[in-house]
There are 2 protein chains.
Amino acid sequence: MAYRILIADDEEMLVRVLREHLEREGYVVSVAEDGAQALDRLNLRPDLILLDINMPGLDGLELCRMIRDAVSCPIIFLTARITEADKVRGFRAGGDDYITKPFGLQELSARIAAHLRRDERVKSAGSIVSSHGLIVDLAGRRVLWSGSEIRFSKREFDIIEFLITNKNQIFDRERMYELVWGLDAEGDSSVIKEHVRKIRAKLLEATGREFIETVWGMGYRWKK
Amino acid sequence: MAYRILIADDEEMLVRVLREHLEREGYVVSVAEDGAQALDRLNLRPDLILLDINMPGLDGLELCRMIRDAVSCPIIFLTARITEADKVRGFRAGGDDYITKPFGLQELSARIAAHLRRDERVKSAGSIVSSHGLIVDLAGRRVLWSGSEIRFSKREFDIIEFLITNKNQIFDRERMYELVWGLDAEGDSSVIKEHVRKIRAKLLEATGREFIETVWGMGYRWKK
DNA sequence: CGAAAAAGTCAAGAAACGGTCAAATTTGCG
DNA sequence: CGCAAATTTGACCGTTTCTTGACTTTTTCG
């Protein structure tokens, strides 16, 4: 299946060239001309986003953060010129790479391919996710905080893994129960209340922070 | 629950064959013979639309855009022949796929299935819809306005989600009650008055704008 | 104008939900 | 088998949210 690339840029000429080039390489391209449209187009679940950092409307970095909240695909900034400070801010906001205008199409293609490959690897490897300094090692099934391990039982880790890999999404207890215990599981989803309590207690004790948020009537979510 | 497919095409023979074939595959099929009828049938909330691009009356692309304004389901164009330029225009107008006549029923089935699967993924993954700067995060079940969150209760969010994903359509309270609470719900649809009041108050307080419009005697609609 | 229908407002009781705890049951392991 | 840890269950309580019904305002139309 073809990779989907979202171009968020308002320079018509540039967009036209990019679209043509990328479509020739077999990508499915969609375009957004401003921030709001870009957010809207996330519906299409792009595999990679090319984001012009200077678009009308929303601030580019802010936009990047919002995109990051919704999808996890690589984001490459397109930008006129860039300082070291810009770079740092960009990476903080969740960008993965920069390419400064004007750029060659060959170079762009190479970077896109690299990111897609890397993303593919990460997805399949199942590895480490971190969240405000908390390191969750999915392969090793351990949670680390400033060097030392916080111990969780199997169920507890299952729940953490589930929530953290679906960061910022909300799941009610029914749904979590189905997805963590399995569709065919019988039993009462209210067990989750108890597990969540334990997880929270351990995390709070070790880190002093709250990671799991309750949204009344809707469910739980892992804070970004 | 069976998927609903809307066929918008005026060639009687073709429609008859399609209907029979799709019904045999378990879909619920409805047919529109011109643009106006197609728009009307959107009430049935189809899960996918097969749209003949050359129908009497409205221009096909224009029709596609109007459909797109109202519903978000996949739209597959049925067309006699197609150039690259047509394709681009079609995608711009919000089409998702093309299939050129004459086509095999097998191929059509495959494409339909693929789109329904993808759409299901998107729906369950949840996504983001924006409306005049208001950002509704379906997965995170929250509403953002210029960076900060406007809090809504579950029912309130359900209603917002429903209206905004059916932008520009009007729903009377009965219908909204059925579709948001569920067909089997018992109770009085006049609760909606109260929820709408709360939603409006919160939105107005935060944004200074009206998003939900009352159409006297008809119902409510989310302003485009 | 004036009556009837539709929509909006408000307050209060009902219902649903989440957090907590302790006790019961199951599981893993020596 | 038998112990300890993990998991599940059920009950309770304070809170938040939902619903209801009475009442007011707005709109329509004879």
# chains A, B, ... in the order shown; residues from 1 in each chain; ligands from 1
call {"tool": "calpha_fit_rmsd", "arguments": {"fixed": "chain A", "moving": "chain B"}}
result
4.7 Å
call {"tool": "interface_residues", "arguments": {"of": "chain C", "to": "chain B", "cutoff": "12 Å", "atoms": "only C-alpha atoms (C1' of nucleotides)", "output": "ChimeraX atom specification"}}
result
/C:5-10,16-17
call {"tool": "closest_atom_pairs", "arguments": {"of": "chain D", "to": "chain A", "cutoff": "10 Å", "atoms": "only C-alpha atoms (C1' of nucleotides)", "output": "CSV"}}
result
residue,atom,partner,partner_atom,distance
D:DA5,C1',A:Ser153,CA,9.4
D:DA6,C1',A:Ser153,CA,7.3
D:DT7,C1',A:Arg155,CA,8.5
D:DT8,C1',A:Val191,CA,6.6
D:DT9,C1',A:Val191,CA,8.2
D:DT16,C1',A:Trp216,CA,7.7
D:DT17,C1',A:Gly217,CA,8.2
call {"tool": "write_last_selection", "arguments": {"atoms": "C-alpha atoms (C1' of nucleotides)", "output": "mmCIF file, in the first residue's frame"}}
result
data_model
loop_
_atom_site.group_PDB
_atom_site.id
_atom_site.type_symbol
_atom_site.label_atom_id
_atom_site.label_comp_id
_atom_site.auth_asym_id
_atom_site.auth_seq_id
_atom_site.Cartn_x
_atom_site.Cartn_y
_atom_site.Cartn_z
ATOM 1 C "C1'" DA D 5 1.853 -12.238 45.288
ATOM 2 C "C1'" DA D 6 -1.385 -10.976 42.023
ATOM 3 C "C1'" DT D 7 -5.995 -10.484 40.590
ATOM 4 C "C1'" DT D 8 -10.752 -9.994 41.170
ATOM 5 C "C1'" DT D 9 -15.007 -8.946 43.523
ATOM 6 C "C1'" DT D 16 -20.599 14.914 38.872
ATOM 7 C "C1'" DT D 17 -23.722 14.552 35.437
#
call {"tool": "interface_residues", "arguments": {"of": "chain A", "to": "chain B", "cutoff": "10 Å", "atoms": "only C-alpha atoms", "output": "short mmCIF file (atom, residue, chain, number, x, y, z; two decimals) with C-alpha atoms, in the first residue's frame"}}
result
data_model
loop_
_atom_site.label_atom_id
_atom_site.label_comp_id
_atom_site.auth_asym_id
_atom_site.auth_seq_id
_atom_site.Cartn_x
_atom_site.Cartn_y
_atom_site.Cartn_z
CA SER A 30 -2.64 15.48 0.02
CA VAL A 31 -2.24 19.16 0.62
CA GLY A 35 -2.99 25.07 9.93
CA ALA A 36 -6.63 24.33 10.42
CA GLN A 37 -6.77 22.45 7.16
CA ALA A 38 -3.68 20.51 8.12
CA LEU A 39 -5.31 19.35 11.33
CA ASP A 40 -8.38 18.43 9.39
CA ARG A 41 -6.40 16.38 6.90
CA LEU A 42 -4.97 14.25 9.67
CA ASN A 43 -8.12 12.27 9.10
CA LEU A 44 -6.34 10.80 6.13
CA ARG A 45 -3.77 9.35 8.52
CA GLY A 57 -2.77 31.45 10.87
CA LEU A 58 -1.43 29.21 13.58
CA GLU A 62 2.22 25.26 17.95
CA LEU A 63 0.70 23.50 14.97
CA MET A 66 -1.03 19.77 17.96
CA ILE A 67 -0.29 17.42 15.11
CA ASP A 69 -0.84 15.07 19.82
CA ALA A 70 -2.93 13.41 17.19
CA VAL A 71 -0.56 11.29 15.13
CA ASN A 166 -2.28 5.33 22.67
CA LYS A 167 -1.26 8.54 24.35
CA ASN A 168 -3.88 11.24 24.54
CA GLN A 169 -6.68 9.02 23.49
CA ILE A 170 -9.47 8.30 25.89
CA PHE A 171 -10.72 4.85 26.64
CA VAL A 215 -12.06 12.26 32.33
CA TRP A 216 -15.38 11.98 34.04
CA GLY A 217 -17.87 9.83 32.20
CA MET A 218 -15.45 9.12 29.36
CA GLY A 219 -12.57 7.13 30.70
CA TYR A 220 -8.84 7.26 31.30
CA ARG A 221 -6.04 8.73 29.27
#
call {"tool": "atom_distance", "arguments": {"atom1": "atom CA of Arg65 of chain A", "atom2": "atom CA of Glu11 of chain A"}}
result
21.8 Å
call {"tool": "select_by_dssp", "arguments": {"residues": "chain B", "states": "strand (DSSP E)", "output": "PDB file with C-alpha atoms, in the first residue's frame"}}
result
ATOM      1  CA  ARG B   4     -25.166   1.216   3.906  1.00  0.00           C
ATOM      2  CA  ILE B   5     -24.154   2.080   0.365  1.00  0.00           C
ATOM      3  CA  LEU B   6     -25.673   4.877  -1.652  1.00  0.00           C
ATOM      4  CA  ILE B   7     -25.549   4.536  -5.420  1.00  0.00           C
ATOM      5  CA  ALA B   8     -25.960   7.815  -7.259  1.00  0.00           C
ATOM      6  CA  VAL B  28     -27.941  -2.204   2.417  1.00  0.00           C
ATOM      7  CA  VAL B  29     -28.316  -0.319  -0.834  1.00  0.00           C
ATOM      8  CA  SER B  30     -30.179   2.844  -1.658  1.00  0.00           C
ATOM      9  CA  VAL B  31     -30.280   4.599  -4.996  1.00  0.00           C
ATOM     10  CA  ALA B  32     -30.468   8.184  -6.168  1.00  0.00           C
ATOM     11  CA  LEU B  48     -19.971   4.689   1.307  1.00  0.00           C
ATOM     12  CA  ILE B  49     -21.145   6.419  -1.852  1.00  0.00           C
ATOM     13  CA  LEU B  50     -20.795   5.287  -5.446  1.00  0.00           C
ATOM     14  CA  LEU B  51     -21.125   8.437  -7.509  1.00  0.00           C
ATOM     15  CA  ASP B  52     -21.584   8.644 -11.235  1.00  0.00           C
ATOM     16  CA  ILE B  75     -16.849   8.452  -2.197  1.00  0.00           C
ATOM     17  CA  ILE B  76     -15.964   6.323  -5.205  1.00  0.00           C
ATOM     18  CA  PHE B  77     -16.474   7.846  -8.635  1.00  0.00           C
ATOM     19  CA  LEU B  78     -17.957   5.782 -11.391  1.00  0.00           C
ATOM     20  CA  THR B  79     -16.879   7.215 -14.699  1.00  0.00           C
ATOM     21  CA  ASP B  97     -11.245   6.628  -5.528  1.00  0.00           C
ATOM     22  CA  TYR B  98     -12.128   6.044  -9.169  1.00  0.00           C
ATOM     23  CA  ILE B  99     -13.385   3.108 -11.047  1.00  0.00           C
ATOM     24  CA  THR B 100     -13.868   3.320 -14.795  1.00  0.00           C
ATOM     25  CA  ILE B 128      -9.499  15.809  14.503  1.00  0.00           C
ATOM     26  CA  VAL B 129     -12.108  18.027  13.014  1.00  0.00           C
ATOM     27  CA  SER B 130     -11.800  21.748  12.913  1.00  0.00           C
ATOM     28  CA  SER B 131     -14.366  24.430  12.532  1.00  0.00           C
ATOM     29  CA  LEU B 134     -12.303  25.336  17.052  1.00  0.00           C
ATOM     30  CA  ILE B 135     -10.547  22.017  17.230  1.00  0.00           C
ATOM     31  CA  VAL B 136     -12.478  18.907  18.130  1.00  0.00           C
ATOM     32  CA  ASP B 137     -10.273  15.973  18.950  1.00  0.00           C
ATOM     33  CA  ARG B 142     -11.753  17.197  23.941  1.00  0.00           C
ATOM     34  CA  VAL B 143     -12.349  20.563  22.422  1.00  0.00           C
ATOM     35  CA  LEU B 144      -9.634  23.152  22.038  1.00  0.00           C
ATOM     36  CA  TRP B 145      -9.859  26.850  21.359  1.00  0.00           C
ATOM     37  CA  SER B 148      -6.727  25.827  25.773  1.00  0.00           C
ATOM     38  CA  GLU B 149      -9.371  23.255  26.462  1.00  0.00           C
ATOM     39  CA  ILE B 150     -13.079  23.832  26.771  1.00  0.00           C
ATOM     40  CA  ILE B 212     -24.996  25.485  16.815  1.00  0.00           C
ATOM     41  CA  GLU B 213     -27.790  27.019  14.864  1.00  0.00           C
ATOM     42  CA  THR B 214     -31.483  26.473  15.459  1.00  0.00           C
ATOM     43  CA  VAL B 215     -33.604  26.117  12.358  1.00  0.00           C
ATOM     44  CA  GLY B 219     -33.898  21.149  14.366  1.00  0.00           C
ATOM     45  CA  TYR B 220     -30.273  21.982  15.014  1.00  0.00           C
ATOM     46  CA  ARG B 221     -27.294  22.193  12.755  1.00  0.00           C
ATOM     47  CA  TRP B 222     -23.605  22.823  13.186  1.00  0.00           C
TER      48      TRP B 222
END
call {"tool": "select_by_dssp", "arguments": {"residues": "segment 31-222 of chain B", "states": "helix (DSSP H, G or I)", "output": "PyMOL selection string"}}
result
chain B and resi 35-44+60-70+84-92+105-125+154-164+173-181+191-207
